[in-house]
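Following: one structure in structure tokens, then a few remarks.
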Protein chains: 2
Amino acid sequence: MTSEFRIPEKLEQLYEGKAKKVFRSSDPALLIVEYKDDATAFNGVKKAQILGKGAINNAITSRIFPLLEGEGVPTHFVVQLSEREQLVKAVHIIPVEIIVRNLAAGSFAKRLGLEEGTPLGIPVLEHCYKSDALGDPLVSRDAPVALGWCSEDDLETIRLLALRVNSVLLHFFLERGVKLVDFKLEFGKLANGQVILADEISPDTCRFWDAVTGEKLDKDRFRRDLGGVEEAYEDMLERVNR
Amino acid sequence: MTSEFRIPEKLEQLYEGKAKKVFRSSDPALLIVEYKDDATAFNGVKKAQILGKGAINNAITSRIFPLLEGEGVPTHFVVQLSEREQLVKAVHIIPVEIIVRNLAAGSFAKRLGLEEGTPLGIPVLEHCYKSDALGDPLVSRDAPVALGWCSEDDLETIRLLALRVNSVLLHFFLERGVKLVDFKLEFGKLANGQVILADEISPDTCRFWDAVTGEKLDKDRFRRDLGGVEEAYEDMLERVNR
């Protein structure tokens, strides 16, 4: 019964990442995530604070994850607890980051000598090995299975979920005047073996371009010293809440 | 009738690559490939000659390609013409290099922080964009189709042929006391649209390790200044001809 559900207590910190802290809760199946204002780029080489980023990314993720759940994408999201806190399901994170690309940009454009914005005939899925020490290197489709990071079935589930997220979000953002250029997803496994979407979806993890002006509304403003970083994040929050 | 087949005349040079020259022939459907002793590594930064390499790689490829044809892998190979020359079918080269990996080595091991020789649970296929200017960058499975380098059907054919080549060659080399660690393949399309194996299969394009001693019998001896380069190539030719 949902009426019996009580928010668990926040217990000790388990882990501090680049953009979030993770805390144990009094319910062993649930964790509390706290979003930070810290921003990093180029594998941690560039560091700063983006004022209000933690609250904005928490709010955006807390809007998008339930939307995805409604479209058949299981996620770790349970409920937003406060401006910076979220209650999520505890998962075993699969160490494969999935990048979904609709237009060439960033490392992809550079690696292939393409102009940013070059359209891609089909969405391109990339797999990276989640390792700060190695700089999250690109790997082929087969590597995660070959190296035992996940099973073939789990990888296929991840790929199908990533494509579904893309379909849903392309439409969602275009309705709000935003091109979804590319984004990064992470997945985890519940104790029962189900693969679900984890991490966040925000201007930290997506490239958003204004559909009319092409203006960048994401972390590239920070990476590339374009100015107006806070304003872009606020703009995206306002659009997501439309 | 094969009795009517005449070797066409060698005409002007069309192209000179890092390890081979390609000549037009009097038959527009056929080309003549000439294998050079030139060796390059690290995207052309390191250059030298490996004495006899051209003849050895021509001989090895001329032994292996017919073997693959017999196992259902269509190739561009027609006939060996001389010590350094081969007659091949003219194809439109698909700008995707396929790397097949059975054990971690080289760039793959480095990128993932793995010890060379780490076994892979399944063969790993990697796709690289064939571009000297960009250093043949790794791309994901979807990029060739997304960027119009080949069709989805052609890419699937390429992948299946690459896996078949791997199965045949793993066995072939193991019988000769050699572990096939990894190798690179290139494919082309005939005028009729058929996708066939092109380029070469040799110690330039494969990593070969002696199955007992682990000794390297391939271009890594040149890349890594291990000495005994010519001897390794000769050893491989002798084993292939067993």
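Chain lettering (A, B, ...) mirrors the order of the structure tokens, residue numbering begins at 1 for each chain separately, and ligand numbering begins at 1 in order of display.
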message: Tell me as number ranges by chain which residues belonging to chain B come within 12 Å of chain A, counting only C-alpha atoms.
response: B: 98-104, 107-114, 118-152, 159
For the residues selected in the previous step, produce a file with N, CA and C atoms as a compact mmCIF listing (two decimals), in the first residue's frame.
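Output file selection.txt is given in full below:
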# COMPACT_ATOMS: atom_id res chain seq x y z
N ILE B 98 37.63 -3.25 -39.92
CA ILE B 98 37.10 -4.09 -38.85
C ILE B 98 38.28 -4.73 -38.13
N ILE B 99 38.33 -4.54 -36.82
CA ILE B 99 39.34 -5.23 -36.02
C ILE B 99 38.62 -6.34 -35.26
N VAL B 100 39.18 -7.53 -35.33
CA VAL B 100 38.63 -8.66 -34.57
C VAL B 100 39.65 -9.02 -33.51
N ARG B 101 39.20 -9.11 -32.27
CA ARG B 101 40.11 -9.36 -31.15
C ARG B 101 39.70 -10.62 -30.40
N ASN B 102 40.68 -11.51 -30.19
CA ASN B 102 40.46 -12.71 -29.38
C ASN B 102 41.11 -12.60 -28.00
N LEU B 103 42.20 -11.86 -27.94
CA LEU B 103 42.88 -11.58 -26.66
C LEU B 103 43.15 -10.08 -26.63
N ALA B 104 43.15 -9.49 -25.44
CA ALA B 104 43.46 -8.07 -25.33
C ALA B 104 44.92 -7.84 -25.72
N SER B 107 46.27 -1.33 -28.69
CA SER B 107 45.50 -0.16 -28.27
C SER B 107 44.33 -0.54 -27.37
N PHE B 108 43.76 -1.70 -27.62
CA PHE B 108 42.62 -2.15 -26.82
C PHE B 108 43.05 -2.37 -25.36
N ALA B 109 44.16 -3.06 -25.16
CA ALA B 109 44.64 -3.33 -23.80
C ALA B 109 45.01 -2.02 -23.10
N LYS B 110 45.67 -1.14 -23.85
CA LYS B 110 46.09 0.13 -23.28
C LYS B 110 44.88 0.97 -22.86
N ARG B 111 43.91 1.07 -23.76
CA ARG B 111 42.73 1.91 -23.52
C ARG B 111 41.95 1.45 -22.31
N LEU B 112 41.95 0.13 -22.08
CA LEU B 112 41.15 -0.41 -20.99
C LEU B 112 41.97 -0.81 -19.78
N GLY B 113 43.25 -0.50 -19.80
CA GLY B 113 44.09 -0.82 -18.65
C GLY B 113 44.20 -2.31 -18.40
N LEU B 114 44.20 -3.10 -19.46
CA LEU B 114 44.27 -4.56 -19.33
C LEU B 114 45.67 -5.05 -19.69
N THR B 118 45.04 -10.80 -21.93
CA THR B 118 43.81 -11.05 -21.18
C THR B 118 42.78 -11.68 -22.14
N PRO B 119 42.23 -12.83 -21.76
CA PRO B 119 41.26 -13.47 -22.66
C PRO B 119 39.96 -12.68 -22.75
N LEU B 120 39.33 -12.71 -23.89
CA LEU B 120 38.05 -12.06 -24.10
C LEU B 120 36.99 -13.16 -24.18
N GLY B 121 35.90 -12.98 -23.46
CA GLY B 121 34.86 -14.00 -23.38
C GLY B 121 34.21 -14.29 -24.72
N ILE B 122 34.12 -13.29 -25.56
CA ILE B 122 33.64 -13.46 -26.94
C ILE B 122 34.57 -12.65 -27.84
N PRO B 123 34.65 -12.99 -29.13
CA PRO B 123 35.47 -12.15 -30.02
C PRO B 123 34.90 -10.73 -30.02
N VAL B 124 35.78 -9.75 -29.92
CA VAL B 124 35.35 -8.35 -29.93
C VAL B 124 35.58 -7.78 -31.33
N LEU B 125 34.53 -7.28 -31.93
CA LEU B 125 34.65 -6.58 -33.21
C LEU B 125 34.71 -5.08 -32.95
N GLU B 126 35.70 -4.43 -33.53
CA GLU B 126 35.76 -2.97 -33.47
C GLU B 126 35.65 -2.42 -34.88
N HIS B 127 35.08 -1.24 -35.00
CA HIS B 127 34.93 -0.57 -36.29
C HIS B 127 35.76 0.71 -36.23
N CYS B 128 36.61 0.90 -37.23
CA CYS B 128 37.37 2.15 -37.31
C CYS B 128 37.07 2.82 -38.64
N TYR B 129 37.06 4.14 -38.61
CA TYR B 129 36.87 4.90 -39.84
C TYR B 129 38.20 4.95 -40.57
N LYS B 130 38.24 4.44 -41.80
CA LYS B 130 39.48 4.37 -42.57
C LYS B 130 39.85 5.76 -43.04
N SER B 131 40.73 6.42 -42.29
CA SER B 131 41.14 7.78 -42.63
C SER B 131 42.53 8.02 -42.04
N ASP B 132 43.53 8.06 -42.92
CA ASP B 132 44.89 8.34 -42.44
C ASP B 132 44.94 9.69 -41.75
N ALA B 133 44.23 10.67 -42.31
CA ALA B 133 44.27 12.03 -41.76
C ALA B 133 43.77 12.06 -40.31
N LEU B 134 42.80 11.21 -40.00
CA LEU B 134 42.22 11.21 -38.65
C LEU B 134 42.83 10.11 -37.77
N GLY B 135 43.72 9.30 -38.35
CA GLY B 135 44.33 8.22 -37.56
C GLY B 135 43.41 7.03 -37.37
N ASP B 136 42.57 6.74 -38.36
CA ASP B 136 41.68 5.57 -38.31
C ASP B 136 40.95 5.47 -36.97
N PRO B 137 40.14 6.48 -36.62
CA PRO B 137 39.54 6.48 -35.28
C PRO B 137 38.49 5.38 -35.08
N LEU B 138 38.45 4.88 -33.86
CA LEU B 138 37.43 3.93 -33.44
C LEU B 138 36.06 4.60 -33.51
N VAL B 139 35.09 3.89 -34.04
CA VAL B 139 33.71 4.40 -34.04
C VAL B 139 32.80 3.29 -33.54
N SER B 140 31.58 3.66 -33.21
CA SER B 140 30.65 2.65 -32.73
C SER B 140 30.03 1.91 -33.92
N ARG B 141 29.36 0.83 -33.63
CA ARG B 141 28.67 -0.02 -34.62
C ARG B 141 27.73 0.78 -35.51
N ASP B 142 27.13 1.84 -34.98
CA ASP B 142 26.10 2.57 -35.71
C ASP B 142 26.66 3.64 -36.63
N ALA B 143 27.87 4.12 -36.35
CA ALA B 143 28.40 5.29 -37.06
C ALA B 143 28.49 5.07 -38.58
N PRO B 144 28.99 3.92 -39.06
CA PRO B 144 29.11 3.76 -40.51
C PRO B 144 27.78 3.93 -41.24
N VAL B 145 26.71 3.43 -40.64
CA VAL B 145 25.39 3.57 -41.28
C VAL B 145 24.89 5.01 -41.11
N ALA B 146 25.06 5.55 -39.90
CA ALA B 146 24.57 6.91 -39.62
C ALA B 146 25.23 7.94 -40.52
N LEU B 147 26.49 7.70 -40.89
CA LEU B 147 27.21 8.68 -41.70
C LEU B 147 27.28 8.29 -43.18
N GLY B 148 26.54 7.22 -43.55
CA GLY B 148 26.41 6.89 -44.97
C GLY B 148 27.63 6.23 -45.58
N TRP B 149 28.52 5.66 -44.76
CA TRP B 149 29.69 4.98 -45.32
C TRP B 149 29.30 3.64 -45.93
N CYS B 150 28.27 3.01 -45.39
CA CYS B 150 27.74 1.78 -45.98
C CYS B 150 26.33 1.59 -45.46
N SER B 151 25.63 0.64 -46.07
CA SER B 151 24.25 0.38 -45.63
C SER B 151 24.27 -0.54 -44.42
N GLU B 152 23.16 -0.59 -43.73
CA GLU B 152 23.00 -1.50 -42.60
C GLU B 152 23.22 -2.95 -43.05
N ARG B 159 30.23 -7.79 -40.78
CA ARG B 159 30.43 -8.32 -39.42
C ARG B 159 30.39 -9.86 -39.42
message: Report as a PyMOL selection string all protein, DNA and RNA residues lying within 10 Å of segment 45-56 of chain B, evaluated on only C-alpha atoms, omitting residues in the same chain fewer than 6 positions from it.
response: chain B and resi 18-20+34-39+62+82-85+202-204+219+222-223+229-231+233-238
task: Extract the full set of strand (DSSP E or B) residues from segment 11-133 of chain A according to DSSP on the backbone, and format it as a PyMOL selection string.
output: chain A and resi 11-16+20-25+30-35+38-41+46-49+75+77-80+85-89+92-93+96-103+119-129
Filtered DSSP result for segment 13-227 of chain B, state alpha helix (DSSP H), as a ChimeraX atom specification: /B:53-70,106-112,143-146,152-174,220-223
For those residues, write C-alpha atoms to a file as a PDB file, in the first residue's frame.
ATOM      1  CA  LYS B  53      58.166  -8.200 -46.310  1.00  0.00           C
ATOM      2  CA  GLY B  54      56.377  -7.462 -49.582  1.00  0.00           C
ATOM      3  CA  ALA B  55      57.078 -10.910 -50.972  1.00  0.00           C
ATOM      4  CA  ILE B  56      56.190 -12.629 -47.697  1.00  0.00           C
ATOM      5  CA  ASN B  57      52.909 -10.753 -47.203  1.00  0.00           C
ATOM      6  CA  ASN B  58      51.966 -11.413 -50.818  1.00  0.00           C
ATOM      7  CA  ALA B  59      52.684 -15.121 -50.352  1.00  0.00           C
ATOM      8  CA  ILE B  60      50.793 -15.355 -47.053  1.00  0.00           C
ATOM      9  CA  THR B  61      47.762 -13.485 -48.379  1.00  0.00           C
ATOM     10  CA  SER B  62      47.836 -15.584 -51.542  1.00  0.00           C
ATOM     11  CA  ARG B  63      47.669 -18.699 -49.387  1.00  0.00           C
ATOM     12  CA  ILE B  64      44.984 -17.465 -46.971  1.00  0.00           C
ATOM     13  CA  PHE B  65      42.494 -15.763 -49.270  1.00  0.00           C
ATOM     14  CA  PRO B  66      41.793 -18.912 -51.362  1.00  0.00           C
ATOM     15  CA  LEU B  67      41.458 -20.836 -48.086  1.00  0.00           C
ATOM     16  CA  LEU B  68      38.813 -18.331 -46.948  1.00  0.00           C
ATOM     17  CA  GLU B  69      37.025 -18.536 -50.327  1.00  0.00           C
ATOM     18  CA  GLY B  70      36.763 -22.277 -49.753  1.00  0.00           C
ATOM     19  CA  GLY B 106      47.771  -3.207 -28.389  1.00  0.00           C
ATOM     20  CA  SER B 107      45.498  -0.156 -28.275  1.00  0.00           C
ATOM     21  CA  PHE B 108      42.621  -2.154 -26.816  1.00  0.00           C
ATOM     22  CA  ALA B 109      44.644  -3.328 -23.800  1.00  0.00           C
ATOM     23  CA  LYS B 110      46.090   0.131 -23.282  1.00  0.00           C
ATOM     24  CA  ARG B 111      42.728   1.915 -23.523  1.00  0.00           C
ATOM     25  CA  LEU B 112      41.147  -0.410 -20.989  1.00  0.00           C
ATOM     26  CA  ALA B 143      28.398   5.291 -37.064  1.00  0.00           C
ATOM     27  CA  PRO B 144      29.108   3.759 -40.511  1.00  0.00           C
ATOM     28  CA  VAL B 145      25.394   3.573 -41.278  1.00  0.00           C
ATOM     29  CA  ALA B 146      24.571   6.909 -39.618  1.00  0.00           C
ATOM     30  CA  GLU B 152      23.000  -1.504 -42.600  1.00  0.00           C
ATOM     31  CA  ASP B 153      22.821  -4.694 -44.692  1.00  0.00           C
ATOM     32  CA  ASP B 154      26.400  -4.276 -45.909  1.00  0.00           C
ATOM     33  CA  LEU B 155      27.650  -3.679 -42.371  1.00  0.00           C
ATOM     34  CA  GLU B 156      25.875  -6.775 -41.112  1.00  0.00           C
ATOM     35  CA  THR B 157      27.437  -8.786 -43.965  1.00  0.00           C
ATOM     36  CA  ILE B 158      30.860  -7.394 -43.081  1.00  0.00           C
ATOM     37  CA  ARG B 159      30.432  -8.324 -39.422  1.00  0.00           C
ATOM     38  CA  LEU B 160      29.313 -11.875 -40.207  1.00  0.00           C
ATOM     39  CA  LEU B 161      32.173 -12.348 -42.685  1.00  0.00           C
ATOM     40  CA  ALA B 162      34.666 -10.993 -40.128  1.00  0.00           C
ATOM     41  CA  LEU B 163      33.464 -13.509 -37.541  1.00  0.00           C
ATOM     42  CA  ARG B 164      33.677 -16.308 -40.093  1.00  0.00           C
ATOM     43  CA  VAL B 165      37.224 -15.278 -41.025  1.00  0.00           C
ATOM     44  CA  ASN B 166      38.060 -15.381 -37.326  1.00  0.00           C
ATOM     45  CA  SER B 167      36.667 -18.894 -36.861  1.00  0.00           C
ATOM     46  CA  VAL B 168      38.542 -20.233 -39.876  1.00  0.00           C
ATOM     47  CA  LEU B 169      41.839 -18.518 -39.073  1.00  0.00           C
ATOM     48  CA  LEU B 170      41.841 -19.259 -35.333  1.00  0.00           C
ATOM     49  CA  HIS B 171      41.799 -22.946 -36.240  1.00  0.00           C
ATOM     50  CA  PHE B 172      44.223 -22.590 -39.174  1.00  0.00           C
ATOM     51  CA  PHE B 173      46.853 -20.802 -37.117  1.00  0.00           C
ATOM     52  CA  LEU B 174      46.447 -22.884 -33.987  1.00  0.00           C
ATOM     53  CA  ASP B 220      54.758  -5.539 -33.180  1.00  0.00           C
ATOM     54  CA  ARG B 221      58.415  -6.611 -33.467  1.00  0.00           C
ATOM     55  CA  PHE B 222      58.867  -3.531 -35.679  1.00  0.00           C
ATOM     56  CA  ARG B 223      56.526  -1.213 -33.720  1.00  0.00           C
TER      57      ARG B 223
END
query: Suppose you want the space between atom CA of Cys206 of chain B and atom CA of Leu180 of chain B; what is it in Å?
result: 7.3 Å
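Distances to Lys184 of chain B were evaluated for B:Glu115, B:Asp210, B:Glu97, B:Asp225 using only C-alpha atoms, and the minimum falls at B:Glu97.
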message: Excluding Ala29 of chain A and its own-chain neighbours fewer than 3 positions away, which residues fall within 9 Å of it when counting only C-alpha atoms? Please give them as number ranges by chain.
response: A: 25-26, 88-91, 190-191
How about saving the chosen residues, N, CA, C and O atoms kept, as a compact mmCIF listing (two decimals), in the first residue's frame?
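The result, stored in again.txt:
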# COMPACT_ATOMS: atom_id res chain seq x y z
N SER A 25 20.38 4.75 3.30
CA SER A 25 19.15 5.15 4.01
C SER A 25 18.76 4.03 4.94
O SER A 25 19.34 2.93 4.90
N SER A 26 17.77 4.28 5.76
CA SER A 26 17.33 3.25 6.71
C SER A 26 16.64 2.08 6.00
O SER A 26 16.42 1.04 6.60
N VAL A 88 16.29 7.17 -4.33
CA VAL A 88 16.40 6.27 -5.49
C VAL A 88 16.56 4.82 -5.04
O VAL A 88 16.93 4.56 -3.89
N LYS A 89 16.28 3.92 -5.95
CA LYS A 89 16.49 2.49 -5.66
C LYS A 89 17.97 2.17 -5.71
O LYS A 89 18.69 2.66 -6.59
N ALA A 90 18.42 1.36 -4.78
CA ALA A 90 19.83 0.94 -4.78
C ALA A 90 20.03 -0.06 -5.92
O ALA A 90 19.27 -1.02 -6.05
N VAL A 91 21.04 0.21 -6.74
CA VAL A 91 21.35 -0.72 -7.83
C VAL A 91 22.84 -1.01 -7.84
O VAL A 91 23.65 -0.26 -7.28
N LEU A 190 18.93 -4.07 -10.32
CA LEU A 190 18.33 -4.31 -9.01
C LEU A 190 18.74 -5.70 -8.52
O LEU A 190 19.21 -6.54 -9.30
N ALA A 191 18.54 -5.91 -7.22
CA ALA A 191 18.87 -7.23 -6.65
C ALA A 191 18.15 -8.35 -7.39
O ALA A 191 18.67 -9.46 -7.52
